[in-house]
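Peer 1: Quick one: the structure is below, and I'll ask about it shortly.
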Amino acid sequence: MIAHFVSQFPILVVVVPLLTMPLVVLAHRAFAAWALYLACTWAVFAMACALFARVATHGPIDYAVGGWAPPFGIELVIDSFNAVVLLLVAGMAAINSIYARASLAREIEPERLYLVYALMLACLAGLIGITVTGDAFNLFVFLEISSLSSYALIAMGPKRRALLSSFQYLIMGTVGGTFLLIGVGLAYMMTGTLNMADLATRLPAVFDTRTCQAALAFIVVGLSLKAALFPAHIWLPNAYTYAPSSVTAFIAATSTKVAVYALIRFVFTVFGASYAFEQLPLNQVLLGLSAIAMIAASLAAIFQTDVKRLLAWSSVAQMGYIVTGFALASTAGLSASLVHIVNHGLIKGALFMAVGAMAWRTRTTSINDLAGLGRTMPFTSAAFVVGGLSLIGVPATAGFISKWALLSAILAAGHYLIAALVLIASLLAVIYVGKVVEALYFRPRDAEASNHDAGEAPLAMQIATWALIALNVAIGLHASPELTATGRAAHALIGGGA
Amino acid sequence: MSGAWLIALVAWPGVMSLAIGAAGRWPNLREAVSVITGLVLLAGAILLIGPIAAGERPSVTLFSILPGLDFTFTLEPLGLVFALVAATLWPLTTFYAAGYMRGNREGHQTRFFICFALAISAAIGIALAGNLLTLFLFYEMMTLVTYPLVTHHGDAESRVSGRIYLGVLLTTSIGLFLPAIVITWMLAGTLTFTHGGILANTGLGPKGAMALYALFVFGIGKAAVMPMHRWLPSAMVAPTPVSALLHAVAVVKAGVFSVLKITVYIFGLDYAFKTGASEPFLWLASITIILASVIAIYCDNLKKRLAYSTIGQLSYIVLGSALATKLGAVSGSLHIVTHAFGKITLFFCAGAIYTATHRKYVSQLNGMGRAMPLTFAAFTIAALSLIGLPPMGGAWSKWYLMSGSAGVEEYALLGVLALSSLLNIVYLLDIPARAFFLRGDNNVPTAIREAPAACVVPLCLTAAGCIALFFAAHPIIDFVSSALGEGA
Amino acid sequence: MTAFFTETVPGLFNYWVVIALMMIGFYTVIAHDNLVKKLIGLNVFQTSVFILYISMGTIRGATAPILMDGPAGDHAVYAHPLPQVLILTAIVVGVSTTALGLALIVRIHEAYGSIEEDDVLAADFATQDAEQAEEDERSRAAKAAEPHAPSGGDDGAEHEDDPRR
């Protein structure tokens, strides 16, 4: 009985949040909605842990939805690669659920709170669906579920500018989604299948056709839009800036990461690295774009006056690191990509949470309003400092591990210029993190701002923030398990895709 | 001697920083805790001398940071020498700092002492690091925990200086040091400090080795080889005890110690010598020595003059390493010790002068020798030690450095060293000469007297140390030589 | 050349329509200022993709994929049902997107009093510029108000006033 229950986990991680969503709407009261949200995310997290452990010991899990055998039915596949992403998404949702209550209560009117929780669950279900599915069309559907809910979530932001940000994101996101749909359709046209594994076996026969090339192009462009890969990033800074803090923390840590995961999945598993990178010059394109992203977005981050926007630009730059990794098309590079997907999720999650905690006090996120908080909010400020160090890539933090993995992969591939750019980008990170830290610690509190009640953020918010910070440091000191997992995943993906 | 002892040594100041923080409300207790922590640390380090001299190399691995790369402490003679220097001077400085900080009514004293303890923890971590990654970790930790000390005053000037400090040190370490480590890792497949080096059998040619060595030495900005030296004068905005212990001893010595350690245990003296990897740094270090000394002559600000003097003196040690001979390495490590005692004395004197008179310019010191005889006597002794005159400890390190240079037949270096000694005389002896022999300007209040005892006693002790080192140098040399074994 | 006009064009007629609609829709999304028109463009764009899917499933002369009784059912040639099913899902997605987009436009209209993107952006930029100016002003003020070291400070700071000068 229990074994049977456990074997249903791959579908349950998607279905549980989907089914909890209407319950949350029915619950209606803010506290009840939050309690359901909390229970649901932690249940999903527990199942994700179980799945991760099972994949690590027993190898990939295939799950035929509804008992319809693939390639006709929809298949869910959890292998060593997406198990890591699944764990990240579920874990971020779980930690965010602790954080969200106090944070959202400040930013959203109480009678609409239950809607936010419902939408967060929809978003979670969509993201997890993208992660676990082994079906190309199914991936599109889950992508739209997560996107639609994030448009709505961003529009709930307290400022009116959130509305246009959300609308712009909607337009770009839908265009991206539709591109993906076209690409999947073209691939289906040539092969008659939508199952990813099946596609992978049938596509090589039609590699020479223009339809197949167009399919890859559409899919890559579509997912790049979702992943905010430069130059398709323009929706991101506004969306992250104006969304409610807790939403930003969740989306920044997961949404773009999952889109990159989908991109990696299509390129490496479905089309195969040799097709995308050897027959087509996708790697040069991606390396070039990500190099520009790293430098240009870091420079843009330096000039921001709003901390959330600053971090959003930094996210665009960090996506450059991730894309650089897998564009190297080597096991080491792919592994570095995956490491940074996880680590950057942890870093940005922690930083946005810290900023959200500050905003809880000050109600704004402009750097000037955060001046002097080092004294009144010592714990949150310290969390920001440690998170910032991790973003820079100082040893003993997760960011250092990413940088180490990425640098060694890049140097092994002989791209010295890219290696230099990665280092320059991390030095630019010193500047923009330093800018915020100086304001926190060296500038006195504004006279009018200090009229607000001074003090720390609620305990729950601090616990969630520090949990992520602790993870950052733990990974920084003892990254062997993480690197073993990602190394195995990269190996499986390159081996399987070739 | 078990490995746990090493963990205890590194963790002890860090853990005690919590106690210092907890005792923050009672300044006397806080400083007492600080001093006792330092003395215990010193005792712990001294206990290790016997086993290490007997040839033991205790090692402990805590966990693996990356697959194949462990968080490891290993103790060997070079590291122990550095750890002993830091552990000896820390309690003295704490004692001094207590007098100084109160004498000048500095704020945030608890934060100050906490960061101090953490910085020492980092220094011990660097000394005991068993591989390059562990060393790098503590190296960066040291940069970060000393930042609040540099920006202690929290005003615009210290913030600007803090930016330069962090900017230079982080840029060099992330931009150059880290890639150098990654490259070494990829070449050698290990980063463990190994007797004889790890690069010898990797097929890295002379040019590659030279480039890698340059990445390392420039990447270790704390060694302050020009043009990576700008942070050191900037760091002088910190209160004097910080300049004394950190920017004359712990931080900068961590830099040159890392250079020395990389030369000896990563490159290996034989390999470095054979490929000539370090040869450019003979000349870069020489240039730094001369230029820094010349700049020092023109600095009127006393602490700044001492900072440039430090830059020059650090390059002696880099020069010793770059000789890539046993004699060079020995002279370098000896100079770590002698310069530490000399320079900390000079900074203590500068701080004592400031505490007593609130003067910080050399040109204001005329005729003050009579009012502050102990301070200026100590200053003279330390200055003579740095210049390299017997019977001060500095004589030996300069002696060995010269014979090392002669040993590899680089006679031009002898000229550089001789010239720099002359320059040292100009900018260092200038100060006691003014104090003792020139008449003071008329507007000097006559009531000048020595700084509080808490300031004066430590500087007398360190000055005595300078003399003692002249007689104690040979045990140190034997001790270090045992680490390098037979060889060039 | 004749083959192109007699076979390719009519034979691929659906696909030409798809491309035409796609371009029209995409152009509308990019070029139009009015948010509602943008959304309609998006709809046209999506619809073209629906037609693409439906087209690839059709067989000339085939019936709808519905089960029929008798011998006709056994030998019936019918269009591929899967693309049609897929596109039903995609239509649902499209409708939801349109609904959400329209809801956003309503709220934008409430907040800004306009649904022209230029107006809304202008309003946003105005606020943003004002805020930016304010922030810059505050940064400057904060910088000016920053404490400086007392001139006798025990430091080596660059600003030193040399007593000999």
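Ligands are numbered from 1 in the order shown, chains are lettered A, B, ... in the order of the structure tokens, and residues start at 1 in each chain.
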I need the strand (DSSP E or B) residues of chain C per DSSP on the backbone, written as a PyMOL selection string.
Peer 2: chain C and resi 34+63+78+116
Peer 1: Please check the contacts: residues of chain A at most 7 Å away from chain C, using only C-alpha atoms, listed as a list in words.
Peer 2: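 Taken together, these residues fit the definition: Glu144, Leu148, Arg160, Arg161, Leu163, Phe167, Thr178, Ile182, Gly185, Met189 and Asn368 of chain A.
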Peer 1: Restricting it to N, CA and C atoms, dump the selection as a PDB file, in the first residue's frame.
Peer 2:
ATOM      1  N   GLU A 144       2.653  27.358 -19.523  1.00  0.00           N
ATOM      2  CA  GLU A 144       1.623  28.399 -19.542  1.00  0.00           C
ATOM      3  C   GLU A 144       0.939  28.515 -18.192  1.00  0.00           C
ATOM      4  N   LEU A 148       0.970  32.067 -16.583  1.00  0.00           N
ATOM      5  CA  LEU A 148      -0.273  32.808 -16.335  1.00  0.00           C
ATOM      6  C   LEU A 148      -0.381  33.180 -14.862  1.00  0.00           C
ATOM      7  N   ARG A 160       1.196  50.795  -8.945  1.00  0.00           N
ATOM      8  CA  ARG A 160       0.418  50.638 -10.158  1.00  0.00           C
ATOM      9  C   ARG A 160       1.301  50.232 -11.335  1.00  0.00           C
ATOM     10  N   ARG A 161       2.582  50.505 -11.228  1.00  0.00           N
ATOM     11  CA  ARG A 161       3.468  50.131 -12.311  1.00  0.00           C
ATOM     12  C   ARG A 161       3.562  48.617 -12.458  1.00  0.00           C
ATOM     13  N   LEU A 163       1.203  46.784 -12.921  1.00  0.00           N
ATOM     14  CA  LEU A 163       0.235  46.360 -13.934  1.00  0.00           C
ATOM     15  C   LEU A 163       0.878  46.307 -15.312  1.00  0.00           C
ATOM     16  N   PHE A 167       1.731  43.252 -17.763  1.00  0.00           N
ATOM     17  CA  PHE A 167       1.205  43.150 -19.121  1.00  0.00           C
ATOM     18  C   PHE A 167       2.335  42.911 -20.119  1.00  0.00           C
ATOM     19  N   THR A 178       4.222  30.708 -27.299  1.00  0.00           N
ATOM     20  CA  THR A 178       3.712  30.327 -28.614  1.00  0.00           C
ATOM     21  C   THR A 178       4.848  29.854 -29.520  1.00  0.00           C
ATOM     22  N   ILE A 182       5.034  26.401 -31.492  1.00  0.00           N
ATOM     23  CA  ILE A 182       5.350  26.211 -32.911  1.00  0.00           C
ATOM     24  C   ILE A 182       6.467  25.188 -33.061  1.00  0.00           C
ATOM     25  N   GLY A 185       5.308  21.828 -32.407  1.00  0.00           N
ATOM     26  CA  GLY A 185       4.445  21.401 -33.503  1.00  0.00           C
ATOM     27  C   GLY A 185       5.264  20.954 -34.702  1.00  0.00           C
ATOM     28  N   MET A 189       5.356  17.366 -36.353  1.00  0.00           N
ATOM     29  CA  MET A 189       5.041  17.192 -37.766  1.00  0.00           C
ATOM     30  C   MET A 189       6.030  16.236 -38.430  1.00  0.00           C
ATOM     31  N   ASN A 368      18.264  54.450  -0.821  1.00  0.00           N
ATOM     32  CA  ASN A 368      18.281  55.542   0.158  1.00  0.00           C
ATOM     33  C   ASN A 368      17.432  55.232   1.377  1.00  0.00           C
TER      34      ASN A 368
END
Peer 1: What residues in chain B lie within 6 Å of chain A, counting only C-alpha atoms, written as a list of chain:residue names?
Peer 2: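 Result: B:Ser64, B:Ile65, B:Leu66, B:Pro67, B:Leu137, B:Gly154, B:Gly175.
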Peer 1: Convert the current residue selection to file output with C-alpha atoms, as an mmCIF file, in the first residue's frame.
Peer 2:
data_model
loop_
_atom_site.group_PDB
_atom_site.id
_atom_site.type_symbol
_atom_site.label_atom_id
_atom_site.label_comp_id
_atom_site.auth_asym_id
_atom_site.auth_seq_id
_atom_site.Cartn_x
_atom_site.Cartn_y
_atom_site.Cartn_z
ATOM 1 C CA SER B 64 35.642 17.990 1.520
ATOM 2 C CA ILE B 65 34.748 21.365 0.046
ATOM 3 C CA LEU B 66 34.797 20.079 -3.508
ATOM 4 C CA PRO B 67 35.296 16.511 -4.606
ATOM 5 C CA LEU B 137 39.242 30.652 2.103
ATOM 6 C CA GLY B 154 32.614 55.312 9.598
ATOM 7 C CA GLY B 175 40.488 38.243 -10.628
#
Peer 1: What residues in chain B lie within 6 Å of chain C, counting only C-alpha atoms, written as a PDB file with C-alpha atoms, in the first residue's frame?
Peer 2:
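The file below, out00.pdb, is the result:
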ATOM      1  CA  ASP B 155      33.182  58.732   8.021  1.00  0.00           C
ATOM      2  CA  ALA B 156      33.531  59.619   4.376  1.00  0.00           C
ATOM      3  CA  MET B 236      46.059  53.653   7.408  1.00  0.00           C
ATOM      4  CA  VAL B 237      42.798  55.428   8.168  1.00  0.00           C
ATOM      5  CA  LYS B 304      51.756  56.720   5.689  1.00  0.00           C
TER       6      LYS B 304
END
Peer 1: Report, in Å with one decimal, the straight-line distance from CA of Ala211 in chain B to CA of Glu409 in chain B.
Peer 2: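 Between CA of Ala211 in chain B and CA of Glu409 in chain B the gap works out to 23.6 Å.
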Peer 1: Determine the nearest neighbour of Ser55 in chain C from the options A:Leu186, A:Ala3, A:Gly176, A:Ala94, counting only C-alpha atoms.
Peer 2: A:Leu186
Peer 1: Calculate how many Å separate CA of Ile387 in chain B from CA of Ser421 in chain B, rounding to one decimal.
Peer 2: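 It comes out at 5.4 Å.
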